[in-house]
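Structure data (TSV, C-alpha atoms) from final.tsv:
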chain	number	residue	atom	x	y	z
A	16	MET	CA	96.56	-77.32	-10.67
A	17	ASN	CA	94.30	-75.31	-12.94
A	18	PRO	CA	91.83	-72.86	-11.43
A	19	VAL	CA	88.27	-74.15	-11.25
A	20	HIS	CA	85.64	-71.79	-12.70
A	21	ASP	CA	81.91	-71.83	-12.26
A	22	ALA	CA	79.10	-69.30	-12.47
A	23	SER	CA	79.28	-68.33	-8.81
A	24	ASN	CA	83.01	-68.47	-8.11
A	25	LEU	CA	85.29	-66.96	-10.74
A	26	THR	CA	88.62	-67.88	-9.11
A	27	VAL	CA	88.53	-70.74	-6.66
A	28	ASP	CA	92.21	-71.66	-6.82
A	29	ARG	CA	93.69	-68.27	-5.94
A	30	GLU	CA	94.81	-66.37	-2.88
A	31	PHE	CA	91.37	-64.80	-2.41
A	32	THR	CA	87.95	-66.17	-3.27
A	33	PHE	CA	86.42	-64.05	-6.02
A	34	HIS	CA	82.75	-64.73	-6.71
A	35	ALA	CA	80.77	-63.55	-9.72
A	36	ARG	CA	78.69	-61.48	-7.34
A	37	ASP	CA	81.89	-59.76	-6.12
A	38	PHE	CA	82.78	-58.81	-9.68
A	39	ALA	CA	79.25	-57.52	-10.27
A	40	ARG	CA	79.56	-55.44	-7.10
A	41	VAL	CA	82.88	-53.97	-8.23
A	42	ARG	CA	81.38	-53.11	-11.62
A	43	THR	CA	78.53	-51.24	-9.95
A	44	LEU	CA	80.79	-49.33	-7.55
A	45	ILE	CA	83.34	-48.18	-10.13
A	46	TYR	CA	80.55	-47.16	-12.50
A	47	GLU	CA	78.87	-45.09	-9.80
A	48	ARG	CA	82.09	-43.41	-8.70
A	49	ALA	CA	84.10	-43.01	-11.90
A	50	GLY	CA	81.71	-43.71	-14.77
A	51	ILE	CA	83.87	-46.64	-15.87
A	52	SER	CA	82.03	-49.51	-17.55
A	53	LEU	CA	83.82	-52.81	-16.99
A	54	HIS	CA	82.82	-55.57	-19.39
A	55	GLU	CA	82.69	-59.25	-18.52
A	56	GLY	CA	86.22	-59.91	-19.78
A	57	LYS	CA	87.78	-57.75	-17.04
A	58	GLN	CA	87.48	-60.24	-14.16
A	59	ALA	CA	91.19	-61.12	-14.15
A	60	MET	CA	92.19	-57.46	-14.26
A	61	VAL	CA	89.90	-56.59	-11.36
A	62	TYR	CA	91.19	-59.53	-9.30
A	63	SER	CA	94.83	-58.64	-9.94
A	64	ARG	CA	94.51	-54.95	-9.17
A	65	LEU	CA	92.23	-55.16	-6.14
A	66	SER	CA	94.07	-58.07	-4.51
A	67	ARG	CA	96.74	-55.63	-3.36
A	68	ARG	CA	94.08	-53.61	-1.54
A	69	LEU	CA	92.89	-56.76	0.28
A	70	ARG	CA	96.45	-57.46	1.38
A	71	ASP	CA	97.08	-53.88	2.49
A	72	THR	CA	93.82	-53.66	4.45
A	73	GLY	CA	94.00	-57.15	5.93
A	74	HIS	CA	90.84	-58.56	4.40
A	75	GLN	CA	90.62	-62.26	3.59
A	76	SER	CA	87.99	-62.09	0.84
A	77	PHE	CA	86.60	-59.71	-1.75
A	78	GLU	CA	83.22	-59.95	-0.06
A	79	SER	CA	84.68	-58.76	3.24
A	80	TYR	CA	86.64	-55.93	1.62
A	81	LEU	CA	83.71	-54.65	-0.43
A	82	GLN	CA	81.32	-54.85	2.51
A	83	TRP	CA	83.76	-52.86	4.64
A	84	LEU	CA	84.28	-50.33	1.87
A	85	GLU	CA	80.56	-49.74	1.34
A	86	SER	CA	79.62	-49.73	5.02
A	87	SER	CA	82.29	-47.17	5.86
A	88	GLY	CA	80.79	-44.56	3.54
A	89	ALA	CA	82.50	-42.06	1.29
A	90	HIS	CA	83.49	-39.59	4.01
A	91	GLN	CA	84.57	-42.05	6.70
A	92	ASN	CA	86.89	-43.93	4.35
A	93	GLN	CA	87.68	-41.42	1.65
A	94	GLN	CA	91.30	-42.53	1.31
A	95	GLU	CA	90.40	-46.17	0.64
A	96	TRP	CA	87.68	-45.20	-1.83
A	97	GLN	CA	90.36	-43.24	-3.66
A	98	GLU	CA	92.67	-46.26	-3.64
A	99	PHE	CA	89.82	-48.38	-5.00
A	100	VAL	CA	89.35	-45.97	-7.91
A	101	ASN	CA	93.11	-45.64	-8.46
A	102	CYS	CA	93.44	-49.41	-8.80
A	103	LEU	CA	90.78	-49.67	-11.49
A	104	THR	CA	91.81	-46.79	-13.73
A	105	THR	CA	94.02	-47.39	-16.75
A	106	ASN	CA	96.99	-45.12	-17.43
A	107	LEU	CA	98.64	-45.58	-20.80
A	108	THR	CA	100.47	-42.52	-22.08
A	109	SER	CA	103.66	-41.18	-23.66
A	110	PHE	CA	105.13	-37.89	-24.81
A	111	PHE	CA	103.50	-36.53	-27.98
A	112	ARG	CA	101.18	-39.50	-28.31
A	113	GLU	CA	98.94	-39.05	-31.38
A	114	GLU	CA	101.38	-36.44	-32.64
A	115	HIS	CA	99.05	-34.92	-35.24
A	116	HIS	CA	97.12	-33.28	-32.40
A	117	PHE	CA	100.16	-31.28	-31.37
A	118	HIS	CA	100.69	-30.06	-34.94
A	119	THR	CA	97.08	-28.86	-34.97
A	120	LEU	CA	97.55	-27.19	-31.59
A	121	ALA	CA	100.76	-25.51	-32.77
A	122	GLU	CA	99.00	-23.95	-35.76
A	123	TRP	CA	96.14	-22.77	-33.55
A	124	LEU	CA	98.55	-21.22	-31.03
A	125	LYS	CA	100.51	-19.38	-33.70
A	126	ALA	CA	97.31	-17.96	-35.16
A	127	ARG	CA	96.13	-16.87	-31.71
A	128	GLY	CA	99.39	-15.13	-30.88
A	129	SER	CA	99.71	-13.33	-27.56
A	130	LYS	CA	96.10	-13.68	-26.40
A	131	PRO	CA	95.72	-15.30	-22.96
A	132	THR	CA	94.81	-18.96	-23.37
A	133	ARG	CA	93.43	-21.62	-21.05
A	134	ILE	CA	93.94	-25.32	-21.79
A	135	TRP	CA	92.47	-28.24	-19.86
A	136	CYS	CA	94.10	-31.66	-19.99
A	137	CYS	CA	91.46	-33.72	-18.19
A	138	ALA	CA	93.30	-37.06	-18.18
A	139	ALA	CA	96.77	-35.99	-17.18
A	140	SER	CA	97.92	-39.45	-16.06
A	141	THR	CA	101.65	-39.43	-15.20
A	142	GLY	CA	102.22	-36.08	-16.93
A	143	GLU	CA	103.57	-36.89	-20.38
A	144	GLU	CA	100.57	-35.32	-22.13
A	145	PRO	CA	100.55	-32.10	-20.04
A	146	TYR	CA	104.25	-31.56	-20.58
A	147	SER	CA	103.86	-32.27	-24.29
A	148	LEU	CA	101.28	-29.47	-24.32
A	149	ALA	CA	103.64	-27.18	-22.43
A	150	ILE	CA	106.49	-27.93	-24.86
A	151	THR	CA	104.19	-27.14	-27.80
A	152	VAL	CA	103.34	-23.81	-26.20
A	153	ALA	CA	107.01	-23.00	-25.56
A	154	GLU	CA	108.08	-23.95	-29.09
A	155	ASN	CA	105.47	-21.75	-30.72
A	156	LEU	CA	104.94	-18.85	-28.32
A	157	GLY	CA	107.98	-18.92	-26.05
A	158	LEU	CA	108.43	-19.67	-22.36
A	159	HIS	CA	106.66	-16.48	-21.27
A	160	ALA	CA	103.47	-17.02	-23.24
A	161	PRO	CA	100.22	-16.14	-21.37
A	162	VAL	CA	99.04	-19.75	-21.35
A	163	LYS	CA	97.78	-21.78	-18.40
A	164	ILE	CA	97.30	-25.55	-18.56
A	165	LEU	CA	95.04	-27.15	-15.97
A	166	CYS	CA	95.92	-30.84	-15.69
A	167	SER	CA	93.57	-33.17	-13.86
A	168	ASP	CA	93.02	-36.87	-13.30
A	169	ILE	CA	90.83	-39.04	-11.10
A	170	ASP	CA	93.88	-41.12	-10.07
A	171	THR	CA	95.80	-39.33	-7.32
A	172	ASN	CA	98.80	-41.67	-7.58
A	173	VAL	CA	99.57	-40.76	-11.18
A	174	LEU	CA	99.13	-37.06	-10.40
A	175	THR	CA	101.87	-37.35	-7.79
A	176	THR	CA	104.19	-38.71	-10.48
A	177	ALA	CA	103.09	-36.00	-12.91
A	178	SER	CA	103.75	-33.17	-10.48
A	179	ARG	CA	107.29	-34.45	-9.88
A	180	GLY	CA	108.02	-34.32	-13.61
A	181	VAL	CA	110.73	-37.02	-13.43
A	182	TYR	CA	110.98	-39.65	-16.18
A	183	ASP	CA	113.28	-42.27	-17.61
A	184	ALA	CA	115.88	-40.74	-19.92
A	185	ASN	CA	114.74	-43.15	-22.64
A	186	ALA	CA	111.10	-42.03	-22.47
A	187	ARG	CA	109.30	-42.49	-25.79
A	188	GLY	CA	108.31	-39.52	-27.93
A	189	LEU	CA	111.10	-37.07	-27.11
A	190	SER	CA	113.58	-35.88	-29.72
A	191	PRO	CA	117.21	-35.15	-28.71
A	192	GLN	CA	116.52	-31.43	-29.26
A	193	ARG	CA	113.52	-31.44	-26.91
A	194	LEU	CA	115.49	-33.36	-24.32
A	195	ARG	CA	118.19	-30.69	-24.37
A	196	SER	CA	115.79	-27.76	-24.36
A	197	TYR	CA	113.19	-28.77	-21.78
A	198	PHE	CA	114.70	-31.37	-19.45
A	199	LEU	CA	117.46	-31.59	-16.86
A	200	LYS	CA	119.61	-34.73	-16.89
A	201	GLY	CA	119.96	-36.62	-13.64
A	202	LYS	CA	123.41	-37.02	-12.15
A	203	GLY	CA	124.89	-39.38	-9.59
A	204	THR	CA	122.14	-41.49	-8.05
A	205	ASN	CA	119.66	-39.87	-10.47
A	206	GLU	CA	121.60	-40.81	-13.59
A	207	GLY	CA	119.32	-42.28	-16.22
A	208	SER	CA	116.48	-39.94	-15.28
A	209	ILE	CA	115.33	-36.61	-16.67
A	210	ARG	CA	113.33	-33.83	-15.03
A	211	ILE	CA	111.14	-31.11	-16.52
A	212	LYS	CA	112.80	-27.71	-16.34
A	213	PRO	CA	111.09	-25.27	-13.93
A	214	GLU	CA	110.54	-22.69	-16.66
A	215	LEU	CA	108.42	-25.23	-18.55
A	216	ALA	CA	106.63	-26.54	-15.46
A	217	ARG	CA	105.31	-23.02	-14.78
A	218	PHE	CA	102.69	-23.53	-17.48
A	219	VAL	CA	100.99	-26.44	-15.72
A	220	GLU	CA	98.85	-26.89	-12.62
A	221	PHE	CA	97.84	-30.34	-11.38
A	222	LYS	CA	94.69	-31.16	-9.42
A	223	PRO	CA	92.56	-34.27	-8.80
A	224	PHE	CA	89.22	-34.16	-10.58
A	225	ASN	CA	86.46	-36.69	-11.18
A	226	LEU	CA	84.50	-36.17	-14.39
A	227	MET	CA	81.50	-37.75	-12.66
A	228	GLN	CA	81.18	-35.06	-10.01
A	229	THR	CA	78.22	-32.77	-10.54
A	230	SER	CA	79.92	-29.50	-9.66
A	231	TRP	CA	82.57	-28.38	-12.14
A	232	GLN	CA	84.23	-25.35	-10.56
A	233	LEU	CA	87.18	-24.96	-12.92
A	234	GLY	CA	87.51	-21.20	-13.26
A	235	GLU	CA	87.29	-19.29	-16.53
A	236	ALA	CA	86.13	-21.06	-19.68
A	237	PHE	CA	88.70	-23.05	-21.64
A	238	ASP	CA	89.92	-22.37	-25.17
A	239	ILE	CA	91.25	-25.92	-25.61
A	240	VAL	CA	90.33	-29.23	-23.98
A	241	PHE	CA	92.32	-32.45	-24.36
A	242	CYS	CA	90.08	-35.34	-23.30
A	243	ARG	CA	91.81	-38.22	-25.05
A	244	ASN	CA	91.19	-41.93	-24.55
A	245	VAL	CA	88.89	-41.27	-21.61
A	246	MET	CA	85.43	-41.74	-23.10
A	247	ILE	CA	86.27	-45.26	-24.30
A	248	TYR	CA	85.76	-46.39	-20.71
A	249	PHE	CA	82.26	-44.83	-20.50
A	250	ASP	CA	78.94	-46.08	-21.83
A	251	ALA	CA	76.94	-43.90	-24.25
A	252	PRO	CA	74.77	-42.09	-21.63
A	253	THR	CA	77.86	-41.25	-19.56
A	254	GLN	CA	79.73	-40.04	-22.65
A	255	ARG	CA	76.88	-37.70	-23.48
A	256	LYS	CA	76.71	-36.35	-19.93
A	257	VAL	CA	80.46	-35.66	-19.85
A	258	LEU	CA	80.38	-34.01	-23.29
A	259	GLU	CA	77.60	-31.70	-22.13
A	260	ARG	CA	79.64	-30.67	-19.12
A	261	ILE	CA	82.81	-30.17	-21.16
A	262	HIS	CA	80.75	-28.05	-23.56
A	263	GLY	CA	79.65	-25.97	-20.59
A	264	VAL	CA	83.20	-25.10	-19.48
A	265	MET	CA	84.50	-24.20	-22.97
A	266	LYS	CA	84.40	-21.00	-24.98
A	267	PRO	CA	82.36	-21.04	-28.21
A	268	GLY	CA	84.66	-22.09	-31.04
A	269	GLY	CA	87.08	-23.77	-28.65
A	270	LYS	CA	88.73	-27.01	-29.71
A	271	LEU	CA	88.20	-30.45	-28.19
A	272	PHE	CA	90.86	-33.11	-28.86
A	273	VAL	CA	89.80	-36.74	-28.33
A	274	GLY	CA	91.39	-40.17	-28.74
A	275	HIS	CA	91.88	-41.95	-32.05
A	276	SER	CA	89.13	-44.48	-31.33
A	277	GLU	CA	86.58	-41.99	-30.03
A	278	ASN	CA	83.81	-40.59	-32.24
A	279	PHE	CA	81.17	-38.10	-31.16
A	280	THR	CA	79.53	-37.19	-34.46
A	281	GLU	CA	76.15	-37.98	-32.89
A	282	SER	CA	76.63	-34.98	-30.57
A	283	ARG	CA	76.67	-32.40	-33.37
A	284	ASP	CA	74.60	-30.04	-31.22
A	285	LEU	CA	77.65	-29.74	-28.96
A	286	PHE	CA	80.75	-30.36	-31.10
A	287	LEU	CA	81.45	-30.43	-34.84
A	288	LEU	CA	84.23	-32.56	-36.29
A	289	GLN	CA	86.86	-30.33	-37.91
A	290	GLY	CA	89.80	-32.70	-38.38
A	291	LYS	CA	91.19	-36.03	-37.34
A	292	THR	CA	89.63	-36.48	-33.86
A	293	VAL	CA	89.47	-32.69	-33.39
A	294	TYR	CA	86.13	-31.00	-32.72
A	295	ASP	CA	84.99	-27.37	-32.52
A	296	ARG	CA	82.69	-26.41	-29.69
A	297	VAL	CA	79.35	-25.17	-31.10

Please lay out the structure from this file as structure tokens.
Amino acid sequence: MNPVHDASNLTVDREFTFHARDFARVRTLIYERAGISLHEGKQAMVYSRLSRRLRDTGHQSFESYLQWLESSGAHQNQQEWQEFVNCLTTNLTSFFREEHHFHTLAEWLKARGSKPTRIWCCAASTGEEPYSLAITVAENLGLHAPVKILCSDIDTNVLTTASRGVYDANARGLSPQRLRSYFLKGKGTNEGSIRIKPELARFVEFKPFNLMQTSWQLGEAFDIVFCRNVMIYFDAPTQRKVLERIHGVMKPGGKLFVGHSENFTESRDLFLLQGKTVYDRV
């Protein structure tokens, strides 16, 4: 039997009733908490991802779950609010994704030499991007370079994976030489897996961070910020607000790396385009 759709009930013939008003409520909540703008075509995605939360919490409808979530408040039910956000974030990554950025970073690092450097990877996901940054540092400045990489994400589940540093041995983006130099091969029950070597992991620090929070206590200003494929989920006002805050935690002349489909040329008062999706902080 095919699902029946109407304006008030998006998915009648499914495990849980999912009304248009439920979807609208989800859109409002995720926008308020994570800045994510969900367009109308995301109903099926929202249903699929949040259904698991209804099952785990014992709710029989989206209306019941959302009412419980909102009535409990942020502090009383902080864990479930985090699960709600985790479900609705998208994590697509690989080692050395958009490789030209790492060539640009390598040249910048070599020119900088032994000066202490702070890098922020603000969408760390499952860790492939942070470790790609660490490998780039090691290849150009050595394993004892004075470089610190702060790696954050709003999704606490992916950060757990990232901090473990364990991946499939066939992970995309890694050359045989890099596999030998920077990873340990799993043996026995761990065969088929690879793990980041401790001497490389020393460069990175993982922490949960929400770009929507008003207080950005991140320590000393950053020389480099990787904020790639994050802003595509924000509307224009939210993009501007986040860019202003990123600007505020960077050193003048620092470099901002963004995703291939992101363009911020209208924020020339903050960042100037200097290469393919690479900006200099004004």

Between A:Tyr294, A:Tyr146, A:Phe237, A:Trp123, which residue has the minimum interatomic distance to Met265 of chain A, considering all atoms listed in the file? A:Phe237

Considering only C-alpha atoms, return as a ChimeraX atom specification whatever protein or nucleic-acid residues lie within 10 Å of Thr108 of chain A, sequence-local ones (same chain, fewer than 5 positions apart) excluded. /A:138-144,187,244

Centre, edges in Å (one decimal): axis-aligned box, segment 261-274 of chain A, 4 Å padding on all six sides, as AutoDock Vina command-line options:
--center_x 85.5 --center_y -30.6 --center_z -25.3 --size_x 19.7 --size_y 27.2 --size_z 19.6

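From atom CA of Phe218 of chain A back to atom CA of Lys130 of chain A, the distance works out to 14.8 Å.
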
Contacts of segment 150-161 of chain A at 7 Å (all atoms listed in the file; same-chain gap of 5+ positions) as a PyMOL selection string: chain A and resi 117+121+124-125+129-132+214-215

Counting only C-alpha atoms, I want the residues whose atoms come within 10 Å of (104.5, -34.2, -12.4) in the file frame, returned as a tab-separated table (two decimals) with C-alpha atoms, in the coordinates of the input.
chain	number	residue	atom	x	y	z
A	139	ALA	CA	96.77	-35.99	-17.18
A	140	SER	CA	97.92	-39.45	-16.06
A	141	THR	CA	101.65	-39.43	-15.20
A	142	GLY	CA	102.22	-36.08	-16.93
A	143	GLU	CA	103.57	-36.89	-20.38
A	145	PRO	CA	100.55	-32.10	-20.04
A	146	TYR	CA	104.25	-31.56	-20.58
A	166	CYS	CA	95.92	-30.84	-15.69
A	173	VAL	CA	99.57	-40.76	-11.18
A	174	LEU	CA	99.13	-37.06	-10.40
A	175	THR	CA	101.87	-37.35	-7.79
A	176	THR	CA	104.19	-38.71	-10.48
A	177	ALA	CA	103.09	-36.00	-12.91
A	178	SER	CA	103.75	-33.17	-10.48
A	179	ARG	CA	107.29	-34.45	-9.88
A	180	GLY	CA	108.02	-34.32	-13.61
A	181	VAL	CA	110.73	-37.02	-13.43
A	182	TYR	CA	110.98	-39.65	-16.18
A	210	ARG	CA	113.33	-33.83	-15.03
A	211	ILE	CA	111.14	-31.11	-16.52
A	216	ALA	CA	106.63	-26.54	-15.46
A	219	VAL	CA	100.99	-26.44	-15.72
A	220	GLU	CA	98.85	-26.89	-12.62
A	221	PHE	CA	97.84	-30.34	-11.38

List the neighbours of Phe38 of chain A out to 10 Å using only C-alpha atoms; skip same-chain residues closer than 4 positions along the sequence, and give me the result as a PyMOL selection string. chain A and resi 24-25+33-34+42-44+53+55+57-59+61-62+77-78

Between atom CA of His115 of chain A and atom CA of Arg195 of chain A - distance in Å to one decimal: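 These atoms are spaced 22.4 Å apart.
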
Could you tell me how far atom CA of Leu165 of chain A lies from atom CA of Asn278 of chain A, in Å and to one decimal? 23.9 Å

Which residue out of A:Thr105, A:Gln192, A:Thr119, A:Ser87 has the minimum interatomic distance to Gly290 of chain A when only C-alpha atoms are used?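 Of all the options, A:Thr119 lies closest to Gly290 of chain A.
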
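Compared by their closest atoms to Asp170 of chain A, and using all atoms listed in the file, the residues A:Glu114, A:Asp284, A:Glu98, A:Asp250 rank with A:Glu98 nearest.
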
Polymer residues at most 8 Å from Thr171 of chain A, only C-alpha atoms, same-chain spacing of 5 or more positions, as a PDB file with C-alpha atoms, in the frame of the given file:
ATOM      1  CA  GLN A  97      90.360 -43.240  -3.660  1.00  0.00           C
ATOM      2  CA  ASN A 101      93.110 -45.640  -8.460  1.00  0.00           C
ATOM      3  CA  PRO A 223      92.560 -34.270  -8.800  1.00  0.00           C
TER       4      PRO A 223
END

Quick one: everything within 12 Å of Glu30 of chain A, counting all atoms listed in the file, minus sequence neighbours fewer than 4 positions away in the same chain. Send it as number ranges by chain. A: 18, 26, 62-63, 65-67, 69-70, 74-77

With distances taken over all atoms listed in the file, which of A:Leu199, A:Leu81, A:Val162, A:Val240 is nearest to Asp37 of chain A?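 Once distances to Asp37 of chain A are computed over all atoms listed in the file, the minimum belongs to A:Leu81.
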
Top pick for closest residue to Cys102 of chain A, considering A:Lys212, A:Arg283, A:Arg68, A:Arg36 and counting all atoms listed in the file: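 Once distances to Cys102 of chain A are computed over all atoms listed in the file, the minimum belongs to A:Arg68.
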
Closest to Gln254 of chain A among A:Asn225, A:Gln289, A:Ser282, A:Thr32, using only C-alpha atoms? A:Ser282
